[in-house]
>>> print(open('work_31.csv').read())   # CSV, C-alpha atoms
chain,number,residue,atom,x,y,z
A,1,MET,CA,49.8,103.2,54.0
A,2,THR,CA,51.8,105.5,56.3
A,3,THR,CA,50.9,109.2,57.0
A,4,THR,CA,52.3,111.8,59.4
A,5,THR,CA,50.4,113.9,61.8
A,6,GLU,CA,51.6,117.0,63.6
A,7,TYR,CA,51.5,117.0,67.4
A,8,GLY,CA,52.8,120.4,68.5
A,9,ALA,CA,56.2,121.0,67.0
A,10,ALA,CA,57.0,117.3,66.4
A,11,LEU,CA,56.0,115.0,63.6
A,12,GLU,CA,55.3,111.3,64.4
A,13,SER,CA,54.6,108.5,62.0
A,14,VAL,CA,51.2,106.9,62.4
A,15,GLU,CA,50.4,103.6,60.9
A,16,VAL,CA,47.0,103.4,59.1
A,17,VAL,CA,45.7,99.8,58.5
A,18,ASP,CA,43.5,99.3,55.4
A,19,ALA,CA,40.6,97.1,56.4
A,20,GLU,CA,38.1,95.2,54.4
A,21,LEU,CA,34.4,95.3,55.3
A,22,VAL,CA,32.9,91.8,55.7
A,23,ASP,CA,29.4,90.6,56.1
A,24,ASP,CA,28.2,89.9,59.7
A,25,VAL,CA,29.0,86.4,61.0
A,26,PRO,CA,25.8,84.4,61.1
A,27,GLY,CA,24.5,84.3,64.7
A,28,ALA,CA,26.7,87.1,65.9
A,29,GLY,CA,25.0,89.2,68.5
A,30,GLU,CA,22.3,86.6,69.1
A,31,VAL,CA,21.6,85.5,72.7
A,32,ALA,CA,21.7,81.7,73.2
A,33,VAL,CA,18.4,80.4,74.4
A,34,PRO,CA,18.7,77.7,77.1
A,35,ASP,CA,17.3,74.3,76.2
A,36,PRO,CA,14.8,73.4,79.0
A,37,VAL,CA,14.8,69.8,78.1
A,38,ALA,CA,18.6,69.5,78.4
A,39,ALA,CA,18.5,71.4,81.7
A,40,VAL,CA,15.8,69.1,83.2
A,41,LEU,CA,17.7,66.0,82.1
A,42,LYS,CA,21.0,67.3,83.6
A,43,ALA,CA,19.3,68.0,86.9
A,44,LEU,CA,17.6,64.5,86.9
A,45,ASP,CA,20.9,62.8,86.2
A,46,ALA,CA,22.6,64.7,89.1
A,47,ASP,CA,19.8,63.8,91.4
A,48,ALA,CA,19.9,60.2,90.4
A,49,LYS,CA,23.6,59.9,91.0
A,50,GLU,CA,23.2,61.5,94.4
A,51,HIS,CA,20.3,59.2,95.3
A,52,LEU,CA,22.1,56.0,94.2
A,53,ASN,CA,25.1,56.9,96.2
A,54,ALA,CA,23.0,57.7,99.3
A,55,ILE,CA,21.2,54.3,99.2
A,56,ARG,CA,24.4,52.3,98.5
A,57,PRO,CA,25.2,50.2,101.6
A,58,THR,CA,27.7,51.8,104.0
A,59,LYS,CA,29.9,48.8,103.8
A,60,THR,CA,30.0,49.1,100.0
A,61,LYS,CA,30.8,52.8,100.2
A,62,ASP,CA,33.6,52.2,102.7
A,63,GLY,CA,35.0,49.4,100.5
A,64,TYR,CA,35.0,51.6,97.4
A,65,ALA,CA,36.6,54.4,99.4
A,66,ARG,CA,39.3,52.0,100.4
A,67,ASP,CA,39.7,50.8,96.8
A,68,TRP,CA,40.3,54.5,95.8
A,69,GLU,CA,43.0,54.8,98.6
A,70,ILE,CA,44.7,51.7,97.2
A,71,TRP,CA,44.5,53.4,93.7
A,72,GLY,CA,46.4,56.3,95.2
A,73,GLU,CA,49.0,54.0,96.9
A,74,PHE,CA,49.5,52.4,93.5
A,75,HIS,CA,50.3,55.8,92.0
A,76,ASP,CA,52.7,56.5,94.9
A,77,TRP,CA,54.5,53.2,94.0
A,78,LEU,CA,54.4,54.0,90.3
A,79,ALA,CA,55.8,57.5,90.8
A,80,GLU,CA,58.8,56.2,92.8
A,81,ARG,CA,59.7,53.9,89.9
A,82,THR,CA,59.0,56.2,86.9
A,83,GLY,CA,59.9,59.6,88.5
A,84,THR,CA,56.5,61.0,87.2
A,85,ARG,CA,53.3,61.4,89.2
A,86,LEU,CA,50.2,60.5,87.1
A,87,PRO,CA,46.9,62.1,88.0
A,88,LEU,CA,44.4,59.7,89.6
A,89,SER,CA,41.9,60.7,86.9
A,90,LYS,CA,43.9,58.9,84.2
A,91,VAL,CA,42.2,55.5,84.1
A,92,THR,CA,43.6,54.0,80.9
A,93,VAL,CA,44.4,50.6,79.6
A,94,GLY,CA,48.0,51.0,80.7
A,95,THR,CA,47.3,52.2,84.2
A,96,PHE,CA,44.6,49.7,84.9
A,97,VAL,CA,46.7,46.7,83.7
A,98,SER,CA,49.6,48.0,85.7
A,99,PHE,CA,47.3,48.3,88.7
A,100,VAL,CA,46.4,44.6,88.3
A,101,THR,CA,50.1,43.7,88.2
A,102,TYR,CA,50.8,45.8,91.3
A,103,LEU,CA,48.0,44.1,93.3
A,104,ASP,CA,49.2,40.7,92.2
A,105,GLN,CA,53.0,41.0,92.5
A,106,VAL,CA,53.5,43.7,95.2
A,107,VAL,CA,50.4,43.5,97.4
A,108,GLU,CA,50.0,39.7,96.6
A,109,ALA,CA,46.2,40.1,96.7
A,110,PRO,CA,44.0,37.1,95.8
A,111,PRO,CA,42.2,37.3,92.4
A,112,ASN,CA,38.8,37.9,93.9
A,113,THR,CA,40.1,40.9,95.8
A,114,ILE,CA,41.8,42.3,92.7
A,115,GLU,CA,38.5,42.1,90.8
A,116,ARG,CA,36.7,43.9,93.6
A,117,ARG,CA,39.4,46.6,93.5
A,118,ILE,CA,38.8,47.1,89.8
A,119,THR,CA,35.1,47.5,90.4
A,120,GLY,CA,35.6,49.9,93.3
A,121,VAL,CA,38.1,52.1,91.5
A,122,THR,CA,35.8,52.3,88.4
A,123,ALA,CA,32.9,53.3,90.5
A,124,GLU,CA,34.8,55.9,92.5
A,125,ALA,CA,36.4,57.4,89.4
A,126,ARG,CA,33.1,57.9,87.8
A,127,ARG,CA,31.6,59.3,91.0
A,128,HIS,CA,34.4,61.9,90.9
A,129,GLY,CA,33.4,62.8,87.3
A,130,TYR,CA,36.4,61.0,85.6
A,131,THR,CA,36.1,59.0,82.4
A,132,VAL,CA,36.7,55.3,82.6
A,133,PRO,CA,36.9,53.8,79.1
A,134,LYS,CA,35.3,50.5,78.6
A,135,GLU,CA,38.4,49.2,77.0
A,136,ALA,CA,40.4,49.9,80.2
A,137,THR,CA,38.1,47.8,82.4
A,138,GLU,CA,38.0,45.0,79.8
A,139,ALA,CA,41.9,45.0,79.6
A,140,ALA,CA,42.2,44.9,83.4
A,141,ARG,CA,39.9,41.8,83.6
A,142,ARG,CA,41.7,40.1,80.7
A,143,ALA,CA,45.0,40.6,82.7
A,144,LEU,CA,43.2,39.1,85.7
A,145,LYS,CA,41.8,36.1,83.9
A,146,PRO,CA,45.0,33.9,83.9
A,147,LEU,CA,45.6,34.8,87.6
A,148,ARG,CA,42.3,33.2,88.5
A,149,LEU,CA,43.5,29.8,87.1
A,150,ASP,CA,46.7,29.8,89.2
A,151,LYS,CA,46.2,27.6,92.3
A,152,ARG,CA,48.8,29.3,94.3
A,153,ARG,CA,47.1,32.6,93.8
A,154,GLN,CA,43.8,31.1,94.6
A,155,GLN,CA,45.1,30.1,98.0
A,156,ARG,CA,45.9,33.7,98.9
A,157,GLY,CA,43.6,35.1,101.6
A,158,ARG,CA,42.0,31.8,102.4
A,159,GLY,CA,41.3,30.8,106.0
A,160,LYS,CA,41.8,32.7,109.2
A,161,ALA,CA,45.0,34.5,110.2
A,162,ALA,CA,47.3,32.2,112.2
A,163,SER,CA,48.5,33.0,115.7
A,164,LEU,CA,52.2,33.4,116.4
A,165,SER,CA,54.3,32.0,119.2
A,166,PRO,CA,57.1,33.9,121.0
A,167,ALA,CA,59.6,31.8,119.1
A,168,ASP,CA,58.0,32.8,115.8
A,169,LEU,CA,58.2,36.5,116.8
A,170,ARG,CA,61.9,36.2,117.7
A,171,ALA,CA,62.6,34.4,114.4
A,172,MET,CA,60.9,37.2,112.5
A,173,ALA,CA,62.8,39.9,114.4
A,174,GLU,CA,66.1,38.2,114.0
A,175,ALA,CA,65.8,37.1,110.4
A,176,PRO,CA,69.1,37.5,108.3
A,177,HIS,CA,69.8,40.9,106.9
A,178,GLU,CA,70.6,39.4,103.6
A,179,ARG,CA,67.7,37.8,101.7
A,180,GLN,CA,68.2,35.4,98.9
A,181,PRO,CA,66.0,36.0,95.7
A,182,GLN,CA,62.8,34.1,95.5
A,183,PRO,CA,62.7,31.1,93.1
A,184,THR,CA,60.5,33.0,90.7
A,185,ALA,CA,62.4,36.3,90.8
A,186,ARG,CA,63.8,37.6,87.6
A,187,ARG,CA,66.8,39.3,89.2
A,188,ARG,CA,69.1,36.8,91.0
A,189,MET,CA,70.9,39.3,93.2
A,190,VAL,CA,70.9,39.1,97.0
A,191,TYR,CA,68.9,41.8,98.7
A,192,ARG,CA,70.2,43.4,101.9
A,193,VAL,CA,67.5,44.9,104.1
A,194,PRO,CA,68.4,48.5,105.0
A,195,GLU,CA,69.0,48.9,108.7
A,196,LEU,CA,66.3,51.6,109.0
A,197,ALA,CA,63.7,49.3,107.5
A,198,ARG,CA,64.8,46.4,109.7
A,199,LEU,CA,64.4,48.6,112.9
A,200,ARG,CA,61.0,49.9,111.7
A,201,ASP,CA,59.6,46.4,111.0
A,202,GLN,CA,60.9,45.2,114.4
A,203,ALA,CA,59.2,48.0,116.2
A,204,LEU,CA,56.1,47.8,114.1
A,205,ASN,CA,55.5,44.1,114.5
A,206,ALA,CA,56.3,44.1,118.3
A,207,LEU,CA,54.0,47.1,119.0
A,208,LYS,CA,51.3,45.6,116.7
A,209,VAL,CA,51.2,42.5,118.9
A,210,GLY,CA,51.5,44.6,122.1
A,211,ILE,CA,48.3,46.6,121.4
A,212,ALA,CA,46.6,44.1,119.1
A,213,GLY,CA,46.7,46.8,116.5
A,214,ARG,CA,44.7,46.8,113.3
A,215,ASN,CA,46.6,47.7,110.2
A,216,GLN,CA,44.9,51.1,109.8
A,217,GLU,CA,45.4,51.9,113.5
A,218,MET,CA,49.1,51.3,113.2
A,219,SER,CA,49.2,53.4,110.0
A,220,GLU,CA,47.4,56.4,111.7
A,221,LEU,CA,49.7,56.4,114.7
A,222,ASP,CA,51.8,59.6,115.2
A,223,ASP,CA,54.9,59.9,117.3
A,224,PRO,CA,53.1,61.9,120.1
A,225,ASP,CA,50.6,59.0,120.4
A,226,ILE,CA,53.4,56.8,121.8
A,227,GLU,CA,54.4,58.1,125.2
A,228,ILE,CA,57.4,56.6,127.0
A,229,VAL,CA,56.8,56.2,130.7
A,230,ASP,CA,58.8,54.4,133.5
A,231,GLU,CA,56.8,51.2,133.1
A,232,GLY,CA,57.0,51.1,129.2
A,233,LEU,CA,54.7,52.9,126.8
A,234,ILE,CA,51.2,54.4,126.8
A,235,VAL,CA,49.9,54.2,123.3
A,236,SER,CA,46.9,56.4,122.3
A,237,VAL,CA,45.4,54.3,119.6
A,238,PRO,CA,43.5,56.5,117.2
A,239,SER,CA,39.8,56.1,116.2
A,240,VAL,CA,39.4,54.5,112.8
A,241,LYS,CA,36.3,53.5,110.9
A,242,GLY,CA,34.0,54.8,113.6
A,243,ARG,CA,35.6,52.7,116.4
A,244,PRO,CA,36.4,54.6,119.6
A,245,GLY,CA,40.1,55.3,120.3
A,246,ARG,CA,41.7,53.7,123.3
A,247,LYS,CA,44.7,53.9,125.7
A,248,ALA,CA,46.8,50.8,125.6
A,249,PRO,CA,49.6,50.3,128.2
A,250,VAL,CA,52.6,48.3,126.9
A,251,THR,CA,55.3,46.9,129.2
A,252,TYR,CA,58.9,45.9,128.6
A,253,GLY,CA,59.3,42.5,127.1
A,254,GLU,CA,61.6,39.7,128.1
A,255,ASN,CA,63.6,39.6,124.9
A,256,ARG,CA,65.3,42.6,123.3
A,257,SER,CA,64.4,41.7,119.7
A,258,THR,CA,60.6,41.4,120.5
A,259,CYS,CA,60.3,44.0,123.3
A,260,PRO,CA,57.9,46.7,122.0
A,261,VAL,CA,59.4,49.4,124.2
A,262,ARG,CA,63.1,48.9,123.3
A,263,CYS,CA,62.3,48.2,119.6
A,264,TRP,CA,60.3,51.5,119.5
A,265,GLN,CA,63.1,53.4,121.2
A,266,ALA,CA,65.7,52.1,118.8
A,267,TYR,CA,63.6,52.8,115.7
A,268,ARG,CA,62.6,56.2,116.8
A,269,ALA,CA,66.2,57.3,117.5
A,270,ALA,CA,67.2,56.0,114.0
A,271,LYS,CA,64.4,57.7,112.1
A,272,LEU,CA,64.9,61.0,113.9
A,273,ALA,CA,68.6,60.8,113.0
A,274,ALA,CA,67.5,60.3,109.4
A,275,GLY,CA,65.5,63.6,109.6
A,276,ALA,CA,62.0,62.4,110.5
A,277,ASP,CA,59.6,64.9,112.0
A,278,PRO,CA,59.3,64.2,115.8
A,279,ASP,CA,55.6,65.2,115.6
A,280,GLY,CA,54.9,63.3,112.4
A,281,PRO,CA,53.8,59.7,111.6
A,282,ALA,CA,55.1,57.0,113.8
A,283,PHE,CA,56.0,54.6,111.0
A,284,LEU,CA,57.4,55.9,107.7
A,285,SER,CA,58.1,54.4,104.3
A,286,VAL,CA,61.7,53.3,103.6
A,287,ASP,CA,62.8,52.4,100.0
A,288,GLN,CA,65.1,49.6,99.0
A,289,TRP,CA,68.1,51.8,99.3
A,290,GLY,CA,67.3,52.8,102.9
A,291,HIS,CA,66.0,56.3,102.1
A,292,GLN,CA,63.3,57.4,104.5
A,293,GLY,CA,60.2,58.9,103.0
A,294,THR,CA,57.9,61.5,104.6
A,295,LYS,CA,54.6,59.7,104.2
A,296,ARG,CA,53.2,57.4,106.8
A,297,LEU,CA,53.3,53.6,106.0
A,298,SER,CA,49.9,52.7,104.5
A,299,PRO,CA,47.6,50.1,106.1
A,300,ASP,CA,48.5,47.6,103.4
A,301,GLY,CA,52.1,48.4,104.0
A,302,VAL,CA,51.7,47.6,107.7
A,303,GLY,CA,50.2,44.2,107.0
A,304,ARG,CA,52.8,43.4,104.4
A,305,ALA,CA,55.6,44.2,106.8
A,306,LEU,CA,54.5,41.5,109.2
A,307,ALA,CA,53.8,38.9,106.4
A,308,ARG,CA,57.1,39.7,104.8
A,309,SER,CA,59.0,39.3,108.1
A,310,ALA,CA,57.3,35.9,108.6
A,311,LYS,CA,58.2,34.8,105.0
A,312,TYR,CA,61.9,35.6,105.4
A,313,ALA,CA,62.0,33.9,108.8
A,314,GLY,CA,60.9,30.7,107.1
A,315,LEU,CA,57.5,30.6,108.7
A,316,THR,CA,55.6,28.7,105.9
A,317,GLY,CA,52.5,26.6,105.8
A,318,ARG,CA,50.3,29.0,107.8
A,319,ARG,CA,48.4,32.1,106.8
A,320,ILE,CA,50.3,34.8,108.5
A,321,THR,CA,48.9,38.3,107.8
A,322,GLY,CA,48.6,41.6,109.6
A,323,HIS,CA,45.6,40.3,111.5
A,324,SER,CA,47.8,37.6,113.1
A,325,ALA,CA,49.1,40.1,115.6
A,326,ARG,CA,45.6,40.6,117.1
A,327,ARG,CA,45.0,36.9,117.4
A,328,THR,CA,48.5,36.4,118.9
A,329,LEU,CA,47.9,38.8,121.8
A,330,VAL,CA,44.7,37.1,122.9
A,331,THR,CA,46.0,33.5,122.6
A,332,LEU,CA,49.3,34.2,124.3
A,333,GLY,CA,47.5,36.3,127.0
A,334,ILE,CA,45.0,33.5,127.8
A,335,LYS,CA,47.7,30.9,127.9
A,336,ASN,CA,49.5,33.1,130.5
A,337,ARG,CA,46.3,33.6,132.5
A,338,LYS,CA,45.8,37.3,131.7
A,339,ARG,CA,42.4,38.8,132.5
A,340,VAL,CA,39.9,38.5,129.6
A,341,ASP,CA,38.5,42.0,130.2
A,342,LYS,CA,42.0,43.5,130.0
A,343,LEU,CA,42.8,41.7,126.8
A,344,ARG,CA,39.5,42.8,125.2
A,345,ARG,CA,40.1,46.4,126.1
A,346,GLN,CA,43.7,46.3,124.9
A,347,GLY,CA,42.6,45.4,121.4
A,348,GLY,CA,39.5,47.4,121.3
A,349,TRP,CA,37.0,44.5,120.9
A,350,SER,CA,33.4,45.0,121.8
A,351,ALA,CA,32.1,42.9,124.7
A,352,ASN,CA,30.1,40.6,122.5
A,353,SER,CA,32.6,40.3,119.7
A,354,PRO,CA,32.4,36.6,118.4
A,355,VAL,CA,35.9,36.9,116.9
A,356,PHE,CA,37.4,37.9,120.3
A,357,TRP,CA,35.7,35.0,122.1
A,358,GLU,CA,36.9,32.6,119.4
A,359,TYR,CA,40.5,33.7,120.2
A,360,VAL,CA,39.8,33.2,123.9
A,361,ASP,CA,38.6,29.6,123.2
A,362,GLU,CA,41.7,29.0,121.1
A,363,GLY,CA,44.0,30.1,124.0
A,364,GLU,CA,42.1,27.9,126.4
A,365,ALA,CA,42.1,24.8,124.1
A,366,PHE,CA,44.5,22.8,126.3
A,367,GLU,CA,43.4,24.1,129.6
A,368,ASP,CA,41.8,21.2,131.4
A,369,ALA,CA,41.5,19.5,128.0
A,370,ALA,CA,38.9,16.7,127.7
A,371,THR,CA,41.6,14.1,127.2
A,372,LYS,CA,43.8,15.2,130.1
A,373,GLY,CA,44.2,12.8,133.0
A,374,ILE,CA,41.6,10.3,131.9
A,375,GLY,CA,43.9,7.3,131.7
A,376,LEU,CA,44.6,7.2,128.0
>>> encode(input="work_31.csv", output="structure tokens")
Amino acid sequence: MTTTTEYGAALESVEVVDAELVDDVPGAGEVAVPDPVAAVLKALDADAKEHLNAIRPTKTKDGYARDWEIWGEFHDWLAERTGTRLPLSKVTVGTFVSFVTYLDQVVEAPPNTIERRITGVTAEARRHGYTVPKEATEAARRALKPLRLDKRRQQRGRGKAASLSPADLRAMAEAPHERQPQPTARRRMVYRVPELARLRDQALNALKVGIAGRNQEMSELDDPDIEIVDEGLIVSVPSVKGRPGRKAPVTYGENRSTCPVRCWQAYRAAKLAAGADPDGPAFLSVDQWGHQGTKRLSPDGVGRALARSAKYAGLTGRRITGHSARRTLVTLGIKNRKRVDKLRRQGGWSANSPVFWEYVDEGEAFEDAATKGIGL
């Protein structure tokens, strides 16, 4: 119904809406009364979660935190291939099974490690308040089950990391740019290593040996941490996992392809030319087309770079991992009569580290050996 009302000298149309009266909605206007039982149970649940997390061993908490970081690295990898970044909270059958495939085929983790990653991600996701459906964890473990029966996969991660010789390091640095497909690869095309990735891996591996760097230490290095001086480099190794930082001097090497100083200078010039931040991470990601990323290379990426270089150099039959660099510095240093205390400080080992002294013994194995000069 429309009526007109006079306002001064003008007439304006005013819309009048017919309304129907209805009964009051049940409960309207009532004040909700808190349920004391539900409130107490909610508080007890929160206290229990906090208490259980507090009494969890530090090593377990650190392990779960690292598993969650790996979950994030998986999402970085997935986003590069799909063009879509998924939230970390989306733990589904699809994402968890893909996570198992990523750990198996990209990271090449042993089955036991994959299972532990599944447990860690599940625990951390729930701690963050995210839902982890039972069918997602069951699907992940079903995907893992056949991997456990594969003897080749069972051998992954077994034994101690092998030491490298100077000839090994040169072979790794000078490996062919063109890499033939692996026997099990689906795509049979030849892969050519981008020059920027080659320079990065040369610098990364040489410097890793030079400072006996841990994977996470190399990942956390920034450009300003690597200072060029007349004698070579002064590397300010960052503190990781509660270990104190250290200053590690690195001199020029005898060979261009394995000299930490010249390899770092060549890589740094190339990455700055590609637009890297001079105050940013020391080692950056590079995709298969040679495009430089802005994120620092992850700890796992650091370890894979050394293992990948060894594989394409044909160094088989030994377990060569990211930790091989630490062993290599000590064994080569001892064989060349370097001071034990300097080697220990260079790699940041504690004075009573059993691992360090094991490496020292390895380096001294043929020094005045028991069978030397006894007339055999």
>>> closest_residue(input="work_31.csv", among="A:Gln105, A:Lys271, A:Leu196, A:Glu364", to="A:Arg153", atoms="all atoms listed in the file")
A:Gln105
>>> residues_around(input="work_31.csv", residues="stretch 331-342 of chain A", least_positions_apart="5", cutoff="7 Å", atoms="all atoms listed in the file", output="PDB file with C-alpha atoms, keeping the file's coordinate frame")
ATOM      1  CA  TYR A 359      40.500  33.700 120.200  1.00  0.00           C
ATOM      2  CA  VAL A 360      39.800  33.200 123.900  1.00  0.00           C
ATOM      3  CA  GLU A 362      41.700  29.000 121.100  1.00  0.00           C
ATOM      4  CA  GLY A 363      44.000  30.100 124.000  1.00  0.00           C
ATOM      5  CA  GLU A 364      42.100  27.900 126.400  1.00  0.00           C
TER       6      GLU A 364
END
>>> residues_around(input="work_31.csv", residues="A:Arg148", least_positions_apart="3", cutoff="12 Å", atoms="all atoms listed in the file", output="PyMOL selection string")
chain A and resi 104+109-115+141-145+151-156
>>> closest_residue(input="work_31.csv", among="A:Ala167, A:Val107, A:Ala325, A:Val237", to="A:Asn255", atoms="all atoms listed in the file")
A:Ala167
>>> atom_distance(input="work_31.csv", atom1="atom CA of A:Arg192", atom2="atom CA of A:Pro176")
8.8 Å
>>> residues_near_point(input="work_31.csv", point="(56.4, 51.4, 112.7)", cutoff="10 Å", atoms="only C-alpha atoms", output="mmCIF file with C-alpha atoms, keeping the file's coordinate frame")
data_model
loop_
_atom_site.group_PDB
_atom_site.id
_atom_site.type_symbol
_atom_site.label_atom_id
_atom_site.label_comp_id
_atom_site.auth_asym_id
_atom_site.auth_seq_id
_atom_site.Cartn_x
_atom_site.Cartn_y
_atom_site.Cartn_z
ATOM 1 C CA ALA A 197 63.700 49.300 107.500
ATOM 2 C CA LEU A 199 64.400 48.600 112.900
ATOM 3 C CA ARG A 200 61.000 49.900 111.700
ATOM 4 C CA ASP A 201 59.600 46.400 111.000
ATOM 5 C CA GLN A 202 60.900 45.200 114.400
ATOM 6 C CA ALA A 203 59.200 48.000 116.200
ATOM 7 C CA LEU A 204 56.100 47.800 114.100
ATOM 8 C CA ASN A 205 55.500 44.100 114.500
ATOM 9 C CA ALA A 206 56.300 44.100 118.300
ATOM 10 C CA LEU A 207 54.000 47.100 119.000
ATOM 11 C CA LYS A 208 51.300 45.600 116.700
ATOM 12 C CA MET A 218 49.100 51.300 113.200
ATOM 13 C CA SER A 219 49.200 53.400 110.000
ATOM 14 C CA LEU A 221 49.700 56.400 114.700
ATOM 15 C CA ASP A 222 51.800 59.600 115.200
ATOM 16 C CA ASP A 223 54.900 59.900 117.300
ATOM 17 C CA CYS A 263 62.300 48.200 119.600
ATOM 18 C CA TRP A 264 60.300 51.500 119.500
ATOM 19 C CA TYR A 267 63.600 52.800 115.700
ATOM 20 C CA ARG A 268 62.600 56.200 116.800
ATOM 21 C CA PRO A 281 53.800 59.700 111.600
ATOM 22 C CA ALA A 282 55.100 57.000 113.800
ATOM 23 C CA PHE A 283 56.000 54.600 111.000
ATOM 24 C CA LEU A 284 57.400 55.900 107.700
ATOM 25 C CA SER A 285 58.100 54.400 104.300
ATOM 26 C CA ARG A 296 53.200 57.400 106.800
ATOM 27 C CA LEU A 297 53.300 53.600 106.000
ATOM 28 C CA VAL A 302 51.700 47.600 107.700
ATOM 29 C CA ALA A 305 55.600 44.200 106.800
#
>>> closest_residue(input="work_31.csv", among="A:Lys59, A:Lys295, A:Lys247, A:Arg262", to="A:Gly232", atoms="only C-alpha atoms")
A:Arg262
>>> closest_residue(input="work_31.csv", among="A:Arg116, A:Lys160, A:Arg345, A:Lys90", to="A:Pro133", atoms="all atoms listed in the file")
A:Lys90
>>> atom_distance(input="work_31.csv", atom1="atom CA of A:Val235", atom2="atom CA of A:Pro166")
21.7 Å
>>> closest_residue(input="work_31.csv", among="A:Leu147, A:Ala38, A:Ile228, A:Ala175", to="A:Ser257", atoms="only C-alpha atoms")
A:Ala175
>>> atom_distance(input="work_31.csv", atom1="atom CA of A:Thr321", atom2="atom CA of A:Ala307")
5.1 Å
>>> residues_around(input="work_31.csv", residues="stretch 239-243 of chain A", least_positions_apart="2", cutoff="9 Å", atoms="all atoms listed in the file", output="number ranges by chain")
A: 62, 216-217, 220, 237, 245-246, 348
>>> closest_residue(input="work_31.csv", among="A:Val261, A:Gly314, A:Leu88, A:Ala162", to="A:Asp76", atoms="all atoms listed in the file")
A:Leu88
>>> residues_near_point(input="work_31.csv", point="(47.9, 43.2, 120.9)", cutoff="6 Å", atoms="only C-alpha atoms", output="list in words")
Lys208, Val209, Gly210, Ile211, Ala212, Gly213, Arg326, Leu329 and Gly347 of chain A
>>> residues_around(input="work_31.csv", residues="stretch 95-97 of chain A", least_positions_apart="3", cutoff="7 Å", atoms="all atoms listed in the file", output="JSON list (two decimals) with C-alpha atoms, keeping the file's coordinate frame")
[["chain", "number", "residue", "atom", "x", "y", "z"],
["A", 91, "VAL", "CA", 42.20, 55.50, 84.10],
["A", 92, "THR", "CA", 43.60, 54.00, 80.90],
["A", 100, "VAL", "CA", 46.40, 44.60, 88.30],
["A", 101, "THR", "CA", 50.10, 43.70, 88.20],
["A", 136, "ALA", "CA", 40.40, 49.90, 80.20],
["A", 139, "ALA", "CA", 41.90, 45.00, 79.60],
["A", 140, "ALA", "CA", 42.20, 44.90, 83.40],
["A", 143, "ALA", "CA", 45.00, 40.60, 82.70]]
>>> residues_around(input="work_31.csv", residues="A:Lys311", least_positions_apart="2", cutoff="12 Å", atoms="all atoms listed in the file", output="list in words")
Asp168, Leu169, Ala171, Met172, Ala173, Ala175, Pro176, Arg179, Gln180, Gln182, Arg304, Ala305, Leu306, Ala307, Arg308, Ser309, Ala313, Gly314, Leu315, Thr316, Gly317, Arg318, Arg319, Ile320 and Thr321 of chain A
>>> write_last_selection(input="work_31.csv", atoms="C-alpha atoms", output="mmCIF file, in the frame of the given file")
data_model
loop_
_atom_site.group_PDB
_atom_site.id
_atom_site.type_symbol
_atom_site.label_atom_id
_atom_site.label_comp_id
_atom_site.auth_asym_id
_atom_site.auth_seq_id
_atom_site.Cartn_x
_atom_site.Cartn_y
_atom_site.Cartn_z
ATOM 1 C CA ASP A 168 58.000 32.800 115.800
ATOM 2 C CA LEU A 169 58.200 36.500 116.800
ATOM 3 C CA ALA A 171 62.600 34.400 114.400
ATOM 4 C CA MET A 172 60.900 37.200 112.500
ATOM 5 C CA ALA A 173 62.800 39.900 114.400
ATOM 6 C CA ALA A 175 65.800 37.100 110.400
ATOM 7 C CA PRO A 176 69.100 37.500 108.300
ATOM 8 C CA ARG A 179 67.700 37.800 101.700
ATOM 9 C CA GLN A 180 68.200 35.400 98.900
ATOM 10 C CA GLN A 182 62.800 34.100 95.500
ATOM 11 C CA ARG A 304 52.800 43.400 104.400
ATOM 12 C CA ALA A 305 55.600 44.200 106.800
ATOM 13 C CA LEU A 306 54.500 41.500 109.200
ATOM 14 C CA ALA A 307 53.800 38.900 106.400
ATOM 15 C CA ARG A 308 57.100 39.700 104.800
ATOM 16 C CA SER A 309 59.000 39.300 108.100
ATOM 17 C CA ALA A 313 62.000 33.900 108.800
ATOM 18 C CA GLY A 314 60.900 30.700 107.100
ATOM 19 C CA LEU A 315 57.500 30.600 108.700
ATOM 20 C CA THR A 316 55.600 28.700 105.900
ATOM 21 C CA GLY A 317 52.500 26.600 105.800
ATOM 22 C CA ARG A 318 50.300 29.000 107.800
ATOM 23 C CA ARG A 319 48.400 32.100 106.800
ATOM 24 C CA ILE A 320 50.300 34.800 108.500
ATOM 25 C CA THR A 321 48.900 38.300 107.800
#
